[in-house]
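For reference, data-v7.csv (CSV, C-alpha atoms (C1' of nucleotides)):
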```
chain,number,residue,atom,x,y,z
B,880,MET,CA,14.2,34.5,0.0
B,881,ILE,CA,10.5,34.5,-0.3
B,882,ASP,CA,8.4,36.7,2.0
B,883,ASN,CA,5.8,35.4,4.4
B,884,TYR,CA,2.2,35.8,3.4
B,885,ILE,CA,0.0,37.2,6.2
B,886,LEU,CA,-3.7,36.9,6.2
B,887,GLU,CA,-5.5,39.2,8.6
B,888,ASN,CA,-8.9,39.3,10.2
B,889,VAL,CA,-9.6,35.6,9.8
B,890,ASN,CA,-12.9,34.5,11.6
B,891,ASN,CA,-14.1,31.1,12.7
B,892,PHE,CA,-10.6,29.7,12.4
B,893,ASP,CA,-8.3,28.1,15.0
B,894,ILE,CA,-5.3,26.4,13.6
B,895,ASN,CA,-5.1,24.0,16.6
B,896,GLU,CA,-8.7,22.9,16.3
B,897,VAL,CA,-8.5,22.6,12.5
B,898,LEU,CA,-5.5,20.3,12.6
B,899,THR,CA,-6.2,18.3,15.7
B,900,CYS,CA,-9.9,17.6,15.1
B,901,GLY,CA,-9.1,14.2,13.5
B,902,GLN,CA,-9.6,15.0,9.9
B,903,CYS,CA,-6.0,15.1,8.8
B,904,PHE,CA,-2.8,13.4,10.0
B,905,ASN,CA,0.3,14.7,8.2
B,906,PHE,CA,1.3,17.6,10.3
B,907,THR,CA,3.7,18.4,13.2
B,908,GLU,CA,3.4,20.9,16.0
B,909,ILE,CA,6.6,22.9,16.3
B,910,GLY,CA,5.5,25.7,18.7
B,911,SER,CA,2.5,27.5,20.2
B,912,ASN,CA,-0.1,27.8,17.4
B,913,GLU,CA,2.6,26.9,15.0
B,914,TYR,CA,2.7,23.8,12.7
B,915,ILE,CA,4.4,22.1,9.8
B,916,VAL,CA,1.7,20.9,7.4
B,917,THR,CA,2.3,18.6,4.5
B,918,ALA,CA,-0.5,18.8,1.9
B,919,MET,CA,-1.3,20.0,-1.6
B,920,GLY,CA,2.0,18.6,-2.9
B,921,SER,CA,4.0,20.8,-0.7
B,922,VAL,CA,5.1,21.6,2.8
B,923,LEU,CA,4.0,24.6,4.8
B,924,ARG,CA,5.0,26.3,8.1
B,925,ILE,CA,2.0,28.1,9.4
B,926,LYS,CA,1.4,30.1,12.6
B,927,GLN,CA,-1.7,31.7,14.0
B,928,GLU,CA,-1.3,35.0,15.9
B,929,GLY,CA,-4.8,36.1,17.1
B,930,SER,CA,-6.9,36.6,14.0
B,931,SER,CA,-3.9,36.6,11.7
B,932,LEU,CA,-2.4,33.6,9.9
B,933,VAL,CA,1.3,33.6,8.9
B,934,PHE,CA,2.2,31.4,5.9
B,935,TYR,CA,6.0,31.3,6.1
B,936,ASP,CA,8.0,31.5,2.9
B,937,THR,CA,4.8,31.7,0.9
B,938,ASN,CA,4.0,34.2,-1.9
B,939,GLU,CA,0.5,35.4,-2.8
B,940,ASP,CA,0.4,33.1,-5.8
B,941,GLU,CA,1.0,30.0,-3.7
B,942,PHE,CA,-1.5,31.1,-1.1
B,943,ASN,CA,-4.2,31.6,-3.8
B,944,LYS,CA,-3.5,28.3,-5.6
B,945,LYS,CA,-3.1,26.1,-2.5
B,946,TRP,CA,-3.7,27.2,1.0
B,947,ASN,CA,-6.8,29.4,0.5
B,948,LEU,CA,-8.6,26.3,-0.8
B,949,TYR,CA,-7.0,23.7,1.5
B,950,PHE,CA,-8.0,25.6,4.7
B,951,ASP,CA,-11.4,26.3,3.3
B,952,LEU,CA,-10.9,30.1,3.9
B,953,GLU,CA,-13.5,31.3,1.3
B,954,ARG,CA,-16.4,29.7,3.1
B,955,ASP,CA,-18.7,31.6,5.5
B,956,TYR,CA,-18.9,29.5,8.7
B,957,GLU,CA,-21.4,31.9,10.3
B,958,ILE,CA,-24.1,30.6,7.9
B,959,ILE,CA,-23.2,27.0,8.6
B,960,LYS,CA,-23.3,27.5,12.4
B,961,ASP,CA,-26.6,29.3,12.2
B,962,SER,CA,-28.1,26.5,10.2
B,963,ILE,CA,-26.8,23.9,12.6
B,964,VAL,CA,-28.1,25.8,15.7
B,965,LYS,CA,-31.4,26.2,14.0
B,966,ALA,CA,-31.7,22.5,13.5
B,967,ASP,CA,-31.0,21.9,17.2
B,968,PRO,CA,-30.3,24.8,19.6
B,969,ARG,CA,-28.4,22.4,21.9
B,970,LEU,CA,-25.5,22.6,19.4
B,971,GLU,CA,-24.9,26.2,20.1
B,972,ASP,CA,-22.9,25.5,23.3
B,973,ILE,CA,-21.1,22.5,21.6
B,974,ILE,CA,-20.0,24.7,18.7
B,975,GLU,CA,-18.7,27.3,21.1
B,976,LYS,CA,-16.4,24.7,22.6
B,977,HIS,CA,-14.5,24.7,19.3
B,978,PRO,CA,-15.6,27.6,17.2
B,979,GLY,CA,-12.5,27.6,15.0
B,980,ILE,CA,-13.0,24.2,13.3
B,981,ARG,CA,-13.0,24.2,9.5
B,982,ILE,CA,-13.2,21.2,7.2
B,983,LEU,CA,-10.2,21.0,5.0
B,984,ASN,CA,-10.2,20.3,1.3
B,985,GLN,CA,-7.8,17.4,1.2
B,986,ASP,CA,-6.4,15.2,-1.5
B,987,PHE,CA,-8.6,12.3,-2.4
B,988,PHE,CA,-6.0,9.5,-2.5
B,989,GLU,CA,-4.3,10.6,0.8
B,990,THR,CA,-7.7,10.7,2.5
B,991,LEU,CA,-8.6,7.3,1.2
B,992,ILE,CA,-5.4,5.6,2.5
B,993,SER,CA,-5.3,7.6,5.7
B,994,PHE,CA,-8.9,6.6,6.7
B,995,ILE,CA,-8.2,2.9,5.8
B,996,ILE,CA,-5.4,3.1,8.3
B,997,SER,CA,-7.7,4.8,10.8
B,998,GLN,CA,-9.8,1.8,11.4
B,999,ASN,CA,-9.6,0.6,15.0
B,1000,LYS,CA,-6.7,2.9,15.7
B,1001,GLN,CA,-6.3,6.0,17.8
B,1002,ILE,CA,-5.4,9.3,16.2
B,1003,PRO,CA,-1.7,9.4,17.4
B,1004,GLN,CA,-1.2,6.0,16.0
B,1005,ILE,CA,-2.8,6.9,12.7
B,1006,LYS,CA,-0.4,9.9,12.5
B,1007,GLN,CA,2.6,7.6,13.1
B,1008,VAL,CA,1.6,5.2,10.3
B,1009,VAL,CA,1.0,8.1,8.0
B,1010,ARG,CA,4.4,9.4,8.8
B,1011,ASN,CA,6.1,6.1,8.4
B,1012,LEU,CA,4.4,5.6,5.0
B,1013,SER,CA,5.4,9.1,3.9
B,1014,GLU,CA,9.0,8.6,4.9
B,1015,MET,CA,9.3,5.2,3.3
B,1016,TYR,CA,7.4,5.9,0.0
B,1017,GLY,CA,6.8,9.6,-0.3
B,1018,THR,CA,8.8,12.4,-1.9
B,1019,PRO,CA,11.0,14.4,0.4
B,1020,VAL,CA,10.3,18.1,0.4
B,1021,SER,CA,12.1,21.1,1.9
B,1022,LYS,CA,11.3,24.8,2.0
B,1023,GLY,CA,12.9,27.7,3.8
B,1024,GLU,CA,14.8,26.4,6.8
B,1025,MET,CA,12.4,23.7,7.7
B,1026,PRO,CA,13.7,20.3,8.6
B,1027,GLY,CA,13.1,17.5,6.1
B,1028,ALA,CA,9.5,16.5,5.6
B,1029,HIS,CA,7.9,13.9,3.2
B,1030,LEU,CA,4.8,14.2,1.2
B,1031,PHE,CA,2.2,11.5,1.5
B,1032,PRO,CA,3.0,9.0,-1.2
B,1033,THR,CA,1.1,9.2,-4.4
B,1034,GLN,CA,-0.7,6.2,-6.0
B,1035,GLU,CA,2.2,5.8,-8.4
B,1036,GLU,CA,4.7,5.8,-5.5
B,1037,LEU,CA,2.6,3.2,-3.6
B,1038,LEU,CA,2.5,0.9,-6.6
B,1039,ARG,CA,6.1,0.0,-5.6
B,1040,ALA,CA,4.9,-0.9,-2.0
B,1041,THR,CA,4.8,-4.4,-0.8
B,1042,ASP,CA,2.8,-6.1,2.0
B,1043,GLU,CA,5.9,-6.4,4.1
B,1044,GLY,CA,6.9,-2.8,3.5
B,1045,ILE,CA,3.5,-1.5,4.5
B,1046,ARG,CA,3.4,-3.8,7.5
B,1047,SER,CA,6.8,-2.4,8.6
B,1048,CYS,CA,5.1,1.0,8.8
B,1049,LYS,CA,2.9,-0.5,11.6
B,1050,ALA,CA,-0.2,-0.7,9.4
B,1051,GLY,CA,-0.8,-4.3,10.6
B,1052,PHE,CA,-3.8,-6.1,9.1
B,1053,ARG,CA,-4.6,-3.0,7.0
B,1054,ALA,CA,-1.7,-3.6,4.7
B,1055,PRO,CA,-3.7,-5.7,2.1
B,1056,TYR,CA,-6.5,-3.1,2.3
B,1057,ILE,CA,-4.0,-0.4,1.3
B,1058,LEU,CA,-2.7,-2.5,-1.5
B,1059,ASP,CA,-6.2,-3.2,-2.8
B,1060,ALA,CA,-7.0,0.5,-2.7
B,1061,VAL,CA,-3.9,1.3,-4.7
B,1062,ASP,CA,-4.9,-1.5,-7.2
B,1063,LYS,CA,-8.5,-0.3,-7.6
B,1064,VAL,CA,-7.4,3.3,-8.1
B,1065,SER,CA,-4.5,2.6,-10.5
B,1066,THR,CA,-6.5,0.1,-12.6
B,1067,GLY,CA,-9.4,2.5,-13.0
B,1068,ALA,CA,-12.0,0.5,-10.9
B,1069,VAL,CA,-12.3,3.6,-8.7
B,1070,VAL,CA,-11.7,6.9,-10.4
B,1071,GLU,CA,-11.6,10.2,-8.5
B,1072,GLN,CA,-13.0,12.3,-11.4
B,1073,ASP,CA,-15.9,9.9,-11.8
B,1074,LEU,CA,-16.6,9.9,-8.0
B,1075,LYS,CA,-16.8,13.7,-8.1
B,1076,LYS,CA,-19.6,13.6,-10.7
B,1077,MET,CA,-21.6,10.8,-9.0
B,1078,PRO,CA,-24.4,11.3,-6.5
B,1079,THR,CA,-23.1,10.8,-3.0
B,1080,ASP,CA,-24.8,7.4,-2.5
B,1081,GLU,CA,-23.3,6.1,-5.8
B,1082,ALA,CA,-19.9,7.4,-4.9
B,1083,ARG,CA,-20.1,5.7,-1.5
B,1084,LYS,CA,-20.9,2.4,-3.2
B,1085,SER,CA,-18.0,2.7,-5.5
B,1086,LEU,CA,-15.6,3.4,-2.7
B,1087,MET,CA,-16.9,0.4,-0.8
B,1088,GLN,CA,-15.7,-1.9,-3.5
B,1089,ILE,CA,-12.3,-1.5,-1.9
B,1090,LYS,CA,-11.4,-4.0,0.7
B,1091,GLY,CA,-11.2,-2.4,4.1
B,1092,VAL,CA,-13.5,0.4,3.1
B,1093,GLY,CA,-16.9,0.2,4.8
B,1094,GLU,CA,-19.6,2.8,5.5
B,1095,LYS,CA,-17.6,4.9,7.9
B,1096,VAL,CA,-14.3,5.0,6.0
B,1097,ALA,CA,-16.2,5.8,2.8
B,1098,ASN,CA,-18.1,8.6,4.5
B,1099,CYS,CA,-14.8,10.1,5.8
B,1100,VAL,CA,-13.4,10.0,2.2
B,1101,LEU,CA,-16.5,11.6,0.9
B,1102,LEU,CA,-16.5,14.3,3.6
B,1103,PHE,CA,-12.8,15.1,3.8
B,1104,GLY,CA,-11.5,14.2,0.4
B,1105,LEU,CA,-14.4,14.8,-2.0
B,1106,GLY,CA,-16.1,17.8,-0.6
B,1107,ARG,CA,-19.4,16.1,0.3
B,1108,ARG,CA,-20.2,18.1,3.3
B,1109,GLU,CA,-23.6,16.5,3.8
B,1110,THR,CA,-22.0,13.2,4.9
B,1111,PHE,CA,-22.1,12.1,8.5
B,1112,PRO,CA,-19.4,9.6,9.5
B,1113,VAL,CA,-20.4,7.6,12.6
B,1114,ASP,CA,-17.5,6.2,14.6
B,1115,VAL,CA,-17.4,5.0,18.2
B,1116,TRP,CA,-17.5,8.6,19.6
B,1117,MET,CA,-20.2,9.8,17.3
B,1118,LYS,CA,-22.3,6.7,18.2
B,1119,ARG,CA,-21.9,7.6,21.9
B,1120,ILE,CA,-22.7,11.3,21.6
B,1121,MET,CA,-25.7,10.7,19.3
B,1122,GLU,CA,-27.1,8.0,21.4
B,1123,HIS,CA,-26.7,10.2,24.4
B,1124,MET,CA,-28.4,13.2,22.8
B,1125,TYR,CA,-31.1,11.7,20.7
B,1126,PHE,CA,-31.8,8.0,21.2
B,1127,HIS,CA,-31.0,7.0,24.8
B,1128,LYS,CA,-30.4,3.4,23.8
B,1129,ASP,CA,-28.2,1.3,21.6
B,1130,THR,CA,-28.8,2.4,18.0
B,1131,PRO,CA,-27.4,1.1,14.7
B,1132,LYS,CA,-24.9,3.4,13.0
B,1133,ASP,CA,-26.9,3.6,9.8
B,1134,GLU,CA,-29.9,4.7,11.7
B,1135,ILE,CA,-27.9,7.4,13.4
B,1136,GLU,CA,-26.5,8.5,10.0
B,1137,ALA,CA,-29.9,8.8,8.4
B,1138,PHE,CA,-31.3,10.7,11.4
B,1139,ALA,CA,-28.4,13.2,11.3
B,1140,GLY,CA,-28.8,13.6,7.5
B,1141,ASN,CA,-32.5,14.6,8.0
B,1142,LEU,CA,-31.7,16.9,10.9
B,1143,PHE,CA,-28.7,18.8,9.6
B,1144,GLY,CA,-29.1,18.4,5.8
B,1145,GLU,CA,-26.3,19.8,3.7
B,1146,ASN,CA,-24.3,20.8,6.8
B,1147,ALA,CA,-24.4,17.4,8.5
B,1148,GLY,CA,-20.6,17.0,8.0
B,1149,TYR,CA,-19.8,20.2,9.8
B,1150,ALA,CA,-22.2,19.2,12.7
B,1151,GLN,CA,-20.5,15.9,12.9
B,1152,GLN,CA,-17.1,17.6,13.4
B,1153,TYR,CA,-18.3,19.8,16.2
B,1154,LEU,CA,-20.0,16.9,17.9
B,1155,PHE,CA,-16.9,14.6,17.4
B,1156,MET,CA,-14.6,17.1,19.2
B,1157,TYR,CA,-17.1,17.7,22.0
B,1158,ALA,CA,-17.7,14.0,22.5
B,1159,ARG,CA,-14.0,13.2,22.8
B,1160,GLU,CA,-13.1,16.0,25.1
B,1161,ALA,CA,-16.2,15.5,27.3
B,1162,GLY,CA,-15.4,11.8,27.4
B,1163,VAL,CA,-19.0,10.8,26.7
B,1164,ALA,CA,-19.5,7.4,28.2
B,1165,ARG,CA,-21.1,4.5,26.5
K,119,DG,C1',-4.0,-9.5,31.3
K,120,DA,C1',-8.2,-7.3,29.8
K,121,DC,C1',-10.0,-3.7,27.3
K,122,DC,C1',-10.1,0.0,23.8
K,123,DA,C1',-8.9,2.7,19.6
K,124,DG,C1',-12.3,8.1,14.0
K,125,DG,C1',-13.9,-0.5,11.7
K,126,DG,C1',-14.3,-4.1,8.4
K,127,DT,C1',-14.4,-8.9,6.9
K,128,DA,C1',-15.6,-13.5,6.8
K,129,DA,C1',-17.9,-17.0,8.9
K,130,DC,C1',-21.3,-18.2,11.2
K,131,DT,C1',-26.7,-18.6,12.7
I,1387,DA,C1',-30.6,-10.1,7.6
I,1388,DG,C1',-28.5,-10.0,12.0
I,1389,DT,C1',-24.5,-11.6,15.3
I,1390,DT,C1',-19.5,-12.7,16.4
I,1391,DA,C1',-14.5,-13.9,16.3
I,1392,DC,C1',-10.7,-12.0,14.5
I,1393,DC,C1',-7.7,-8.9,12.6
I,1394,DA,C1',-2.0,-5.7,14.3
I,1395,DT,C1',-0.4,-2.4,17.4
I,1396,DG,C1',0.2,0.6,21.2
I,1397,DG,C1',-1.8,2.7,25.3
I,1398,DT,C1',-4.2,2.5,29.9
```
Please express the file's structure as structure tokens.
Amino acid sequence: MIDNYILENVNNFDINEVLTCGQCFNFTEIGSNEYIVTAMGSVLRIKQEGSSLVFYDTNEDEFNKKWNLYFDLERDYEIIKDSIVKADPRLEDIIEKHPGIRILNQDFFETLISFIISQNKQIPQIKQVVRNLSEMYGTPVSKGEMPGAHLFPTQEELLRATDEGIRSCKAGFRAPYILDAVDKVSTGAVVEQDLKKMPTDEARKSLMQIKGVGEKVANCVLLFGLGRRETFPVDVWMKRIMEHMYFHKDTPKDEIEAFAGNLFGENAGYAQQYLFMYAREAGVAR
DNA sequence: GACCAGGGTAACT
DNA sequence: AGTTACCATGGT
């Protein structure tokens, strides 16, 4: 029986905001401030109690090797918030709506496939397809007394997938896109280690070779799966909130993206996440 | 039944 | 280079 690992005095962290802000999809809420998270090649039961985080059945070594990085716990979010507010003071109130958001450090391949699935889908549906894929092709994992969970499938596991199989996971027209991504990654046309060395613009171009990966999906992969925190994905909600705040008219997504890059610089990705949550909850109209 | 969802592609002007 | 129909699926 392994002990629980408890991390105290955690600032700028809210487990609900972190998991439900639309950056990751392979998790389940099992109680108040308590979740089962599948990531980093393992499954985790985590609960937040005030400023403390309880990592169930987790020793210090596992925390240091996996969860400290995954949850981005080493980063000082005070500096990030100050920088964003300095760029535009109107962001102060928006950040305070969800002060506990952090950008996770997720697996590249899982992020790539998940955001291919995300196109023209709502978050609950994305979660369902991710779960279906994980149960059909991913490795089952268990830990402690948790019910059975499945890891997101690896690229090797998805090599066995067929168009019909993926469609049966409710991926619809995205099935061939997923297969093309698996093909490009497994044949070496797109290589994670190379992407990590490339300038962001070059890495974006490389990702967009994959069918079903356009500007927005590529930016999500860069931001959530490759640590490029300066990228600013513009989806329907970001388009609305940015047009509302800065343009007051219909504006092309690439123009919005460039504007945000200039305004928020290396912290544009964080600014995007605070704005995304605000836009959705405020129901910003078109 | 129309419209929309963390869009992208292909086929048009 | 800039539009537009279409793509599965589930919810409102």
Per-residue nearest contacts of chain B to chain K (10 Å; all atoms listed in the file) as a Markdown table:
```
| residue | atom | partner | partner_atom | distance |
| --- | --- | --- | --- | --- |
| B:Cys900 | CA | K:DG124 | C1' | 9.9 |
| B:Gly901 | CA | K:DG124 | C1' | 6.9 |
| B:Gln902 | CA | K:DG124 | C1' | 8.5 |
| B:Phe994 | CA | K:DG124 | C1' | 8.2 |
| B:Ile995 | CA | K:DG125 | C1' | 8.9 |
| B:Ile996 | CA | K:DG125 | C1' | 9.8 |
| B:Ser997 | CA | K:DG124 | C1' | 6.5 |
| B:Gln998 | CA | K:DG125 | C1' | 4.7 |
| B:Asn999 | CA | K:DA123 | C1' | 5.1 |
| B:Lys1000 | CA | K:DA123 | C1' | 4.5 |
| B:Gln1001 | CA | K:DA123 | C1' | 4.6 |
| B:Ile1002 | CA | K:DG124 | C1' | 7.3 |
| B:Gln1004 | CA | K:DA123 | C1' | 9.1 |
| B:Ile1005 | CA | K:DG124 | C1' | 9.7 |
| B:Arg1053 | CA | K:DG126 | C1' | 9.9 |
| B:Tyr1056 | CA | K:DG126 | C1' | 10.0 |
| B:Lys1090 | CA | K:DG126 | C1' | 8.2 |
| B:Gly1091 | CA | K:DG126 | C1' | 5.6 |
| B:Val1092 | CA | K:DG126 | C1' | 7.0 |
| B:Gly1093 | CA | K:DG126 | C1' | 6.2 |
| B:Glu1094 | CA | K:DG125 | C1' | 9.0 |
| B:Lys1095 | CA | K:DG125 | C1' | 7.6 |
| B:Val1096 | CA | K:DG125 | C1' | 7.9 |
| B:Cys1099 | CA | K:DG124 | C1' | 8.8 |
| B:Pro1112 | CA | K:DG124 | C1' | 8.5 |
| B:Val1113 | CA | K:DG124 | C1' | 8.2 |
| B:Asp1114 | CA | K:DG124 | C1' | 5.6 |
| B:Val1115 | CA | K:DG124 | C1' | 7.3 |
| B:Trp1116 | CA | K:DG124 | C1' | 7.7 |
| B:Met1117 | CA | K:DG124 | C1' | 8.7 |
| B:Phe1155 | CA | K:DG124 | C1' | 8.7 |
```
For this session: Compile the contact shell of segment 1025-1042 of chain B as a list in words: residues with an atom at most 8 Å away, counting all atoms listed in the file, same-chain residues fewer than 5 positions apart removed.
Result: Asn905, Thr917, Ala918, Gly920, Ser921, Val922, Arg924, Phe988, Glu989, Val1009, Arg1010, Leu1012, Ser1013, Glu1014, Tyr1016, Gly1017, Thr1018, Pro1019, Val1020, Ala1054, Pro1055, Leu1058, Val1061, Asp1062, Val1064 and Ser1065 of chain B
Could you take the residues named above and write them with C-alpha atoms, as a compact mmCIF listing (two decimals), in the frame of the given file?
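That gives us again_37.txt:
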```
# COMPACT_ATOMS: atom_id res chain seq x y z
CA ASN B 905 0.30 14.70 8.20
CA THR B 917 2.30 18.60 4.50
CA ALA B 918 -0.50 18.80 1.90
CA GLY B 920 2.00 18.60 -2.90
CA SER B 921 4.00 20.80 -0.70
CA VAL B 922 5.10 21.60 2.80
CA ARG B 924 5.00 26.30 8.10
CA PHE B 988 -6.00 9.50 -2.50
CA GLU B 989 -4.30 10.60 0.80
CA VAL B 1009 1.00 8.10 8.00
CA ARG B 1010 4.40 9.40 8.80
CA LEU B 1012 4.40 5.60 5.00
CA SER B 1013 5.40 9.10 3.90
CA GLU B 1014 9.00 8.60 4.90
CA TYR B 1016 7.40 5.90 0.00
CA GLY B 1017 6.80 9.60 -0.30
CA THR B 1018 8.80 12.40 -1.90
CA PRO B 1019 11.00 14.40 0.40
CA VAL B 1020 10.30 18.10 0.40
CA ALA B 1054 -1.70 -3.60 4.70
CA PRO B 1055 -3.70 -5.70 2.10
CA LEU B 1058 -2.70 -2.50 -1.50
CA VAL B 1061 -3.90 1.30 -4.70
CA ASP B 1062 -4.90 -1.50 -7.20
CA VAL B 1064 -7.40 3.30 -8.10
CA SER B 1065 -4.50 2.60 -10.50
```
Exercise. Just how far from atom CA of Ile1045 of chain B is atom CA of Ile982 of chain B, in Å to one decimal?
Worked result: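 One can read the atom CA of Ile982 of chain B to atom CA of Ile1045 of chain B distance as 28.3 Å.
Of the residues under consideration (B:Ile925, B:Cys1048, B:Val889, B:Ile894), B:Cys1048 shows the shortest atom-to-atom contact distance to chain I when counting only C-alpha atoms (C1' of nucleotides).
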Exercise. Using all atoms listed in the file, which residues sit within 6 Å of segment 1105-1109 of chain B once same-chain residues fewer than 3 positions away are excluded, as a list in words?
Worked result: Leu1101, Leu1102, Glu1145, Asn1146, Ala1147 and Gly1148 of chain B
Determine, using only C-alpha atoms (C1' of nucleotides), which residues of chain I have any atom at most 12 Å from an atom of chain B, and tabulate each with its shortest atom pair and distance in Å to one decimal place, rows ordered by chain and then rising number, as JSON lines.
```
{"residue": "I:DG1388", "atom": "C1'", "partner": "B:Pro1131", "partner_atom": "CA", "distance": 11.5}
{"residue": "I:DC1392", "atom": "C1'", "partner": "B:Phe1052", "partner_atom": "CA", "distance": 10.6}
{"residue": "I:DC1393", "atom": "C1'", "partner": "B:Phe1052", "partner_atom": "CA", "distance": 5.9}
{"residue": "I:DA1394", "atom": "C1'", "partner": "B:Gly1051", "partner_atom": "CA", "distance": 4.1}
{"residue": "I:DT1395", "atom": "C1'", "partner": "B:Lys1049", "partner_atom": "CA", "distance": 6.9}
{"residue": "I:DG1396", "atom": "C1'", "partner": "B:Gln1004", "partner_atom": "CA", "distance": 7.6}
{"residue": "I:DG1397", "atom": "C1'", "partner": "B:Gln1001", "partner_atom": "CA", "distance": 9.3}
```
For this session: Pull the neighbourhood of (-3.2, 29.3, -3.0) for me: all residues within 12 Å in file coordinates, counting only C-alpha atoms (C1' of nucleotides), as a PyMOL selection string.
Result: chain B and resi 884+886+918-921+923+934+937-953
Exercise. If you measure from atom CA of Glu908 of chain B to atom CA of Gln927 of chain B, what distance in Å do you get, rounded to one decimal?
Worked result: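 Atom-to-atom, atom CA of Glu908 of chain B to atom CA of Gln927 of chain B, that is 12.1 Å.
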Find the residues with any atom within 10 Å of (-15.9, 17.0, 20.9); use all atoms listed in the file and the coordinates as given in the file, and write the answer as a compact mmCIF listing (two decimals) with C-alpha atoms, keeping the file's coordinate frame.
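This is the output file selection_16.txt:
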```
# COMPACT_ATOMS: atom_id res chain seq x y z
CA CYS B 900 -9.90 17.60 15.10
CA ILE B 973 -21.10 22.50 21.60
CA ILE B 974 -20.00 24.70 18.70
CA LYS B 976 -16.40 24.70 22.60
CA HIS B 977 -14.50 24.70 19.30
CA TRP B 1116 -17.50 8.60 19.60
CA MET B 1117 -20.20 9.80 17.30
CA ILE B 1120 -22.70 11.30 21.60
CA GLN B 1151 -20.50 15.90 12.90
CA GLN B 1152 -17.10 17.60 13.40
CA TYR B 1153 -18.30 19.80 16.20
CA LEU B 1154 -20.00 16.90 17.90
CA PHE B 1155 -16.90 14.60 17.40
CA MET B 1156 -14.60 17.10 19.20
CA TYR B 1157 -17.10 17.70 22.00
CA ALA B 1158 -17.70 14.00 22.50
CA ARG B 1159 -14.00 13.20 22.80
CA GLU B 1160 -13.10 16.00 25.10
CA ALA B 1161 -16.20 15.50 27.30
CA GLY B 1162 -15.40 11.80 27.40
CA VAL B 1163 -19.00 10.80 26.70
```
For this session: Give me, please, the distance in Å between atom CA of Ala1164 of chain B and atom C1' of DA1387 of chain I, quoted to one decimal.
Result: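 Calculated distance between atom CA of Ala1164 of chain B and atom C1' of DA1387 of chain I is 29.2 Å.
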Problem set entry | Spatial neighbours of segment 1128-1136 of chain B, 7 Å, all atoms listed in the file, chain gap at least 2 places, as a list in words |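 Contacts, with the query itself left out: Phe1111, Val1113, Lys1118, Glu1122, Phe1126, Phe1138, Ala1139 and Gly1140 of chain B.
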Can we get chain I of that structure written down with C-alpha atoms (C1' of nucleotides), as a JSON list (two decimals), in the first residue's frame?
```
[["chain", "number", "residue", "atom", "x", "y", "z"],
["I", 1387, "DA", "C1'", -6.24, 35.00, -52.80],
["I", 1388, "DG", "C1'", -10.84, 34.96, -51.03],
["I", 1389, "DT", "C1'", -15.62, 32.47, -50.56],
["I", 1390, "DT", "C1'", -18.61, 28.28, -49.88],
["I", 1391, "DA", "C1'", -20.62, 23.60, -49.47],
["I", 1392, "DC", "C1'", -19.71, 19.77, -47.05],
["I", 1393, "DC", "C1'", -18.05, 16.84, -43.69],
["I", 1394, "DA", "C1'", -20.45, 13.05, -38.65],
["I", 1395, "DT", "C1'", -22.53, 13.53, -34.44],
["I", 1396, "DG", "C1'", -25.18, 15.13, -30.57],
["I", 1397, "DG", "C1'", -27.40, 18.93, -28.24],
["I", 1398, "DT", "C1'", -30.65, 22.90, -28.09]]
```
